[in-house]
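Everything below concerns the one structure shown next.
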Protein chains: 2
Amino acid sequence: MRALGERLGVEAMSLYRYLPSKAALLDAAVESVLAGVTPPDPADPDWRGQVLGSARSFRQAIADHPRMVPLIQARGPKLPKLEAVWRASHLVWESAGADPYTANQLQLAVGAYVIGAPLWEASLDRDTADEATDEPAVAFVRTAEKLRRELAFELGLGLLLDGIESELKRRAPKLKCQEAGPAPTPVEMAS
Amino acid sequence: MRALGERLGVEAMSLYRYLPSKAALLDAAVESVLAGVTPPDPADPDWRGQVLGSARSFRQAIADHPRMVPLIQARGPKLPKLEAVWRASHLVWESAGADPYTANQLQLAVGAYVIGAPLWEASLDRDTADEATDEPAVAFVRTAEKLRRELAFELGLGLLLDGIESELKRRAPKLKCQEAGPAPTPVEMAS
DNA sequence: CGGTTTATGTTTACGACGTAATCCAGTTTT
DNA sequence: AAAACTGGATTACGTCGTAAACATAAACCG
């Protein structure tokens, strides 16, 4: 607070004219970082495309602000944005042919990857990334590193979705073949 | 420190006879939590089994100590244990038929899931899990929830490995069919 | 045995932190 | 002109990690 005040050319306590507490400030910062995250787009007929789009937007938000990762993690699932994306994604799985229980499992698994991976990646970078350098070679290696990780994220997500795709086909082959008939007795669970 | 001292029946400053700093204490705590993590076992001929075993041990360590997650994340890849597991896992991919670059990508992707997922899960639980309750129904729901998430972790990891398995077969079919011949010109990259 | 290290604690104090309480000078509104 | 509001400064409190110095008992050694 004192440091922020100084950076704004103002005494620390003056900030409290605008903010009830430091926590509120951090909340607002997190919210602004997550503003760019887009839920899966229901207009897209391809569920892969929906999931990929949302996943990429989340990864981008994290990659743009690695220092915010601990704050995001601390707030965790209470964040309205993430909750909304979560719920919307759940619907994607159901519309892709999963029964509610399976949809839940798939969403947990994919969500774990999509959210967990950038969180971990950020801590991979954190030590080296923030100190700017004029050394061109160093900067080049860093961006190459970043690109490599982005590709790895895409690769892993793609392979995970591959696995899900064949699993969905395996569980509901009739829905894919003759495009009609009731769901083939999915596993029943108390929700 | 003061609180820990009180819990040990001792003044806060006495702790500094044994520890150089609070950071060192937290380092030791993290190390002890990660002691139970096992690297992939090279004796296992099945690379799926190797990866699964290591992944489960990591997930277990996190699940047993959810409060440590921020500390683990803060130390990130500097942790010797994680670095060792990381390197050992890399070898698994190469022995499974991946060229070095692909092995790196696969390890990044799987590592992101295996490490990221429990980190995220822990923050899902953190709010509710630590307050103990005598209400049997509440306790039951919580353990059911935990089990459900464990299954989701297994499901997601299994599907990801499924995807990897078919991708590996796709990239190196000769290695799988006639078990001989040189690797089919993998993508070359400066390491 | 007496004297000296060594191990274990305590006490006090410092600077940094978030922030509650108070006051103060312009500016706007009635 | 009087009242209310706005944006800001000051001071002070309690908490944190920990540096520095001091105390006390055990262990060791001639």
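Following the order of the structure tokens, first chain is A, next is B, and so on, with residues numbered from 1 inside each chain and ligands from 1 in the order they appear.
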What are the coordinates of chain B as a short mmCIF file (atom, residue, chain, number, x, y, z; two decimals) with C-alpha atoms, in the first residue's frame following a least-squares fit to chain A on all in-order C-alpha atoms?
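Heads up, here's the output in superposed.cif:
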```
data_model
loop_
_atom_site.label_atom_id
_atom_site.label_comp_id
_atom_site.auth_asym_id
_atom_site.auth_seq_id
_atom_site.Cartn_x
_atom_site.Cartn_y
_atom_site.Cartn_z
CA MET B 1 -0.04 -0.01 0.06
CA ARG B 2 2.63 2.47 1.02
CA ALA B 3 4.57 1.62 -2.12
CA LEU B 4 1.52 1.87 -4.32
CA GLY B 5 0.70 5.21 -2.77
CA GLU B 6 4.18 6.47 -3.54
CA ARG B 7 3.92 5.29 -7.12
CA LEU B 8 0.70 7.28 -7.42
CA GLY B 9 2.28 10.29 -5.77
CA VAL B 10 0.05 10.03 -2.77
CA GLU B 11 0.17 8.94 0.83
CA ALA B 12 -0.73 5.34 1.58
CA MET B 13 -3.86 6.04 3.56
CA SER B 14 -5.34 8.07 0.73
CA LEU B 15 -5.93 4.86 -1.16
CA TYR B 16 -8.57 3.92 1.36
CA ARG B 17 -10.82 6.61 0.00
CA TYR B 18 -11.30 4.35 -3.01
CA LEU B 19 -10.81 0.88 -1.59
CA PRO B 20 -12.21 -0.69 1.54
CA SER B 21 -9.14 -2.87 1.98
CA LYS B 22 -6.10 -4.29 0.31
CA ALA B 23 -8.02 -7.50 -0.34
CA ALA B 24 -10.56 -5.59 -2.39
CA LEU B 25 -7.77 -4.12 -4.48
CA LEU B 26 -6.37 -7.54 -5.20
CA ASP B 27 -9.85 -8.84 -5.99
CA ALA B 28 -10.28 -6.09 -8.55
CA ALA B 29 -6.89 -6.83 -10.06
CA VAL B 30 -7.71 -10.50 -10.43
CA GLU B 31 -11.06 -9.70 -11.94
CA SER B 32 -9.45 -7.44 -14.51
CA VAL B 33 -6.91 -10.09 -15.45
CA LEU B 34 -9.68 -12.63 -15.94
CA ALA B 35 -11.82 -10.25 -17.96
CA GLY B 36 -10.39 -11.58 -21.18
CA VAL B 37 -11.37 -15.17 -20.52
CA THR B 38 -14.14 -16.27 -22.84
CA PRO B 39 -16.59 -19.06 -22.08
CA PRO B 40 -17.08 -21.72 -24.75
CA ASP B 41 -19.08 -20.30 -27.64
CA PRO B 42 -22.37 -22.20 -28.08
CA ALA B 43 -22.57 -21.01 -31.68
CA ASP B 44 -19.63 -23.20 -32.60
CA PRO B 45 -21.05 -26.55 -33.72
CA ASP B 46 -17.79 -28.35 -32.95
CA TRP B 47 -17.35 -29.05 -29.24
CA ARG B 48 -13.59 -29.32 -29.72
CA GLY B 49 -13.54 -25.81 -31.06
CA GLN B 50 -15.57 -24.53 -28.13
CA VAL B 51 -13.30 -26.09 -25.55
CA LEU B 52 -10.14 -25.06 -27.36
CA GLY B 53 -11.24 -21.44 -27.66
CA SER B 54 -12.09 -21.09 -24.01
CA ALA B 55 -8.98 -22.92 -22.92
CA ARG B 56 -6.74 -20.72 -25.04
CA SER B 57 -8.27 -17.55 -23.71
CA PHE B 58 -7.65 -18.67 -20.15
CA ARG B 59 -4.11 -19.69 -20.87
CA GLN B 60 -3.49 -16.35 -22.53
CA ALA B 61 -4.76 -14.44 -19.52
CA ILE B 62 -2.44 -16.35 -17.22
CA ALA B 63 0.53 -16.02 -19.56
CA ASP B 64 0.00 -12.27 -19.77
CA HIS B 65 0.08 -11.85 -15.99
CA PRO B 66 2.16 -14.57 -14.39
CA ARG B 67 2.56 -12.60 -11.17
CA MET B 68 -1.16 -12.85 -10.55
CA VAL B 69 -1.13 -16.62 -10.36
CA PRO B 70 -0.96 -16.90 -6.58
CA LEU B 71 -3.85 -14.49 -6.25
CA ILE B 72 -5.96 -16.35 -8.78
CA GLN B 73 -5.18 -19.61 -7.08
CA ALA B 74 -5.97 -18.22 -3.65
CA ARG B 75 -9.41 -17.07 -4.79
CA GLY B 76 -9.83 -20.30 -6.65
CA PRO B 77 -13.30 -21.38 -7.63
CA LYS B 78 -15.01 -18.50 -5.89
CA LEU B 79 -14.16 -16.34 -8.88
CA PRO B 80 -17.43 -15.65 -10.71
CA LYS B 81 -15.73 -15.70 -14.09
CA LEU B 82 -14.26 -19.11 -13.61
CA GLU B 83 -17.50 -20.43 -12.22
CA ALA B 84 -19.37 -19.18 -15.27
CA VAL B 85 -16.88 -20.76 -17.65
CA TRP B 86 -17.05 -23.95 -15.66
CA ARG B 87 -20.81 -24.16 -15.94
CA ALA B 88 -20.85 -23.31 -19.62
CA SER B 89 -18.25 -25.97 -20.30
CA HIS B 90 -20.31 -28.53 -18.52
CA LEU B 91 -23.09 -27.94 -21.01
CA VAL B 92 -20.66 -28.53 -23.84
CA TRP B 93 -20.02 -32.06 -22.67
CA GLU B 94 -23.67 -32.82 -22.37
CA SER B 95 -24.32 -31.51 -25.84
CA ALA B 96 -21.43 -33.66 -27.05
CA GLY B 97 -23.30 -36.73 -25.92
CA ALA B 98 -22.17 -37.32 -22.34
CA ASP B 99 -24.60 -38.18 -19.57
CA PRO B 100 -24.58 -35.69 -16.66
CA TYR B 101 -22.22 -37.70 -14.48
CA THR B 102 -19.74 -38.26 -17.26
CA ALA B 103 -20.00 -34.61 -18.23
CA ASN B 104 -19.02 -33.71 -14.72
CA GLN B 105 -16.05 -36.04 -14.75
CA LEU B 106 -14.90 -34.79 -18.12
CA GLN B 107 -15.23 -31.20 -17.01
CA LEU B 108 -13.23 -31.91 -13.87
CA ALA B 109 -10.50 -33.60 -15.89
CA VAL B 110 -10.29 -31.03 -18.65
CA GLY B 111 -10.67 -28.17 -16.18
CA ALA B 112 -7.80 -29.58 -14.17
CA TYR B 113 -5.61 -29.52 -17.24
CA VAL B 114 -6.72 -26.17 -18.60
CA ILE B 115 -6.52 -24.37 -15.30
CA GLY B 116 -3.75 -26.33 -13.67
CA ALA B 117 -1.33 -26.32 -16.56
CA PRO B 118 -0.98 -22.53 -16.94
CA LEU B 119 -0.77 -22.14 -13.18
CA TRP B 120 2.14 -24.50 -13.10
CA GLU B 121 3.75 -23.05 -16.21
CA ALA B 122 3.68 -19.63 -14.64
CA SER B 123 5.68 -20.85 -11.70
CA LEU B 124 8.14 -22.39 -14.13
CA ASP B 125 8.77 -18.96 -15.63
CA ARG B 126 8.39 -16.81 -12.58
CA ASP B 127 11.99 -16.80 -11.47
CA THR B 128 13.52 -15.75 -14.76
CA ALA B 129 10.78 -14.09 -16.75
CA ASP B 130 10.29 -10.79 -15.01
CA GLU B 131 13.82 -9.45 -15.07
CA ALA B 132 14.04 -7.64 -18.39
CA THR B 133 17.23 -7.98 -20.38
CA ASP B 134 18.87 -6.23 -23.32
CA GLU B 135 20.78 -9.34 -24.28
CA PRO B 136 19.09 -10.37 -27.56
CA ALA B 137 20.14 -14.00 -27.22
CA VAL B 138 18.58 -14.28 -23.78
CA ALA B 139 15.38 -12.67 -24.95
CA PHE B 140 15.25 -15.02 -27.94
CA VAL B 141 15.72 -18.11 -25.82
CA ARG B 142 12.97 -16.94 -23.53
CA THR B 143 10.43 -16.40 -26.26
CA ALA B 144 11.40 -19.71 -27.82
CA GLU B 145 10.84 -21.32 -24.45
CA LYS B 146 7.46 -19.68 -24.15
CA LEU B 147 6.46 -20.82 -27.61
CA ARG B 148 7.60 -24.34 -26.87
CA ARG B 149 5.41 -24.42 -23.80
CA GLU B 150 2.46 -23.06 -25.69
CA LEU B 151 2.87 -25.84 -28.20
CA ALA B 152 3.10 -28.37 -25.40
CA PHE B 153 -0.11 -27.00 -23.94
CA GLU B 154 -1.85 -27.35 -27.28
CA LEU B 155 -0.42 -30.80 -27.81
CA GLY B 156 -1.49 -32.05 -24.41
CA LEU B 157 -4.94 -30.54 -24.69
CA GLY B 158 -5.34 -31.96 -28.17
CA LEU B 159 -4.33 -35.42 -27.05
CA LEU B 160 -6.62 -35.24 -24.05
CA LEU B 161 -9.50 -34.25 -26.33
CA ASP B 162 -8.53 -37.09 -28.66
CA GLY B 163 -8.87 -39.48 -25.78
CA ILE B 164 -12.19 -37.99 -24.80
CA GLU B 165 -13.47 -38.16 -28.34
CA SER B 166 -12.83 -41.85 -28.69
CA GLU B 167 -14.16 -42.50 -25.21
CA LEU B 168 -17.38 -40.69 -26.07
CA LYS B 169 -17.73 -42.70 -29.24
CA ARG B 170 -17.07 -45.86 -27.27
CA ARG B 171 -19.70 -45.04 -24.67
CA ALA B 172 -22.44 -43.91 -27.03
CA PRO B 173 -21.80 -45.49 -30.41
CA LYS B 174 -25.45 -45.47 -31.39
CA LEU B 175 -25.69 -41.74 -30.97
CA LYS B 176 -22.83 -41.33 -33.40
CA CYS B 177 -23.92 -43.97 -35.94
CA GLN B 178 -27.64 -43.59 -36.38
CA GLU B 179 -28.05 -40.25 -34.65
CA ALA B 180 -31.20 -41.39 -32.88
CA GLY B 181 -32.49 -43.61 -30.09
CA PRO B 182 -32.30 -43.01 -26.33
CA ALA B 183 -29.05 -42.72 -24.44
CA PRO B 184 -27.76 -46.23 -23.69
CA THR B 185 -28.42 -46.45 -19.95
CA PRO B 186 -25.63 -44.28 -18.60
CA VAL B 187 -24.30 -44.88 -15.12
CA GLU B 188 -26.74 -43.43 -12.62
CA MET B 189 -25.49 -41.41 -9.64
CA ALA B 190 -27.01 -39.21 -6.96
CA SER B 191 -25.86 -35.73 -7.98
#
```
Using only C-alpha atoms (C1' of nucleotides) and a cut-off of 12 Å, which residues of chain D sit close to chain B? Please list them as a ChimeraX atom specification.
/D:15-20
Give me a file of those residues, with C-alpha atoms (C1' of nucleotides), as a PDB file, in the first residue's frame.
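What ended up in part_17.pdb:
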```
ATOM      1  C1'  DT D  15       1.312  -7.739  13.981  1.00  0.00           C
ATOM      2  C1'  DC D  16       5.017  -9.716  11.582  1.00  0.00           C
ATOM      3  C1'  DG D  17      10.089 -11.626  10.928  1.00  0.00           C
ATOM      4  C1'  DT D  18      14.324 -11.201  13.056  1.00  0.00           C
ATOM      5  C1'  DA D  19      18.963  -8.843  14.686  1.00  0.00           C
ATOM      6  C1'  DA D  20      21.504  -8.208  19.057  1.00  0.00           C
TER       7       DA D  20
END
```
When the cut-off is 8 Å and we count only C-alpha atoms (C1' of nucleotides), which residues of chain C are near chain B, given as number ranges by chain?
C: 8-10
Kindly export the residues of the current selection with N, CA and C atoms (P, O5', C5', C4', C3', O3' and C1' of nucleotides), as an mmCIF file, in the first residue's frame.
```
data_model
loop_
_atom_site.group_PDB
_atom_site.id
_atom_site.type_symbol
_atom_site.label_atom_id
_atom_site.label_comp_id
_atom_site.auth_asym_id
_atom_site.auth_seq_id
_atom_site.Cartn_x
_atom_site.Cartn_y
_atom_site.Cartn_z
ATOM 1 P P DT C 8 20.811 -27.968 22.140
ATOM 2 O "O5'" DT C 8 19.948 -26.865 22.908
ATOM 3 C "C5'" DT C 8 19.482 -27.125 24.222
ATOM 4 C "C4'" DT C 8 18.915 -25.870 24.825
ATOM 5 C "C3'" DT C 8 17.754 -25.249 24.043
ATOM 6 O "O3'" DT C 8 16.579 -25.395 24.818
ATOM 7 C "C1'" DT C 8 19.251 -23.613 24.902
ATOM 8 P P DG C 9 15.146 -25.157 24.119
ATOM 9 O "O5'" DG C 9 14.648 -23.836 24.871
ATOM 10 C "C5'" DG C 9 15.536 -22.717 24.931
ATOM 11 C "C4'" DG C 9 15.146 -21.771 26.046
ATOM 12 C "C3'" DG C 9 14.080 -20.774 25.603
ATOM 13 O "O3'" DG C 9 13.139 -20.482 26.624
ATOM 14 C "C1'" DG C 9 16.180 -19.672 25.992
ATOM 15 P P DT C 10 11.941 -19.513 26.233
ATOM 16 O "O5'" DT C 10 12.504 -18.118 26.773
ATOM 17 C "C5'" DT C 10 13.014 -18.035 28.108
ATOM 18 C "C4'" DT C 10 13.508 -16.632 28.379
ATOM 19 C "C3'" DT C 10 12.516 -15.536 28.013
ATOM 20 O "O3'" DT C 10 12.328 -14.671 29.118
ATOM 21 C "C1'" DT C 10 14.645 -15.100 27.022
#
```
Using backbone DSSP assignments, extract all alpha helix (DSSP H) residues from chain B; output them as a PyMOL selection string.
chain B and resi 2-7+22-33+47-64+69-75+80-95+100-129+136-171+173-177
If you count only C-alpha atoms (C1' of nucleotides), which residues fall within 9 Å of region 20-27 of chain C, apart from same-chain ones fewer than 2 positions away, as a count of residues only?
8
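Between C1' of DA25 (chain D) and C1' of DT5 (chain C) lies a distance of 12.4 Å.
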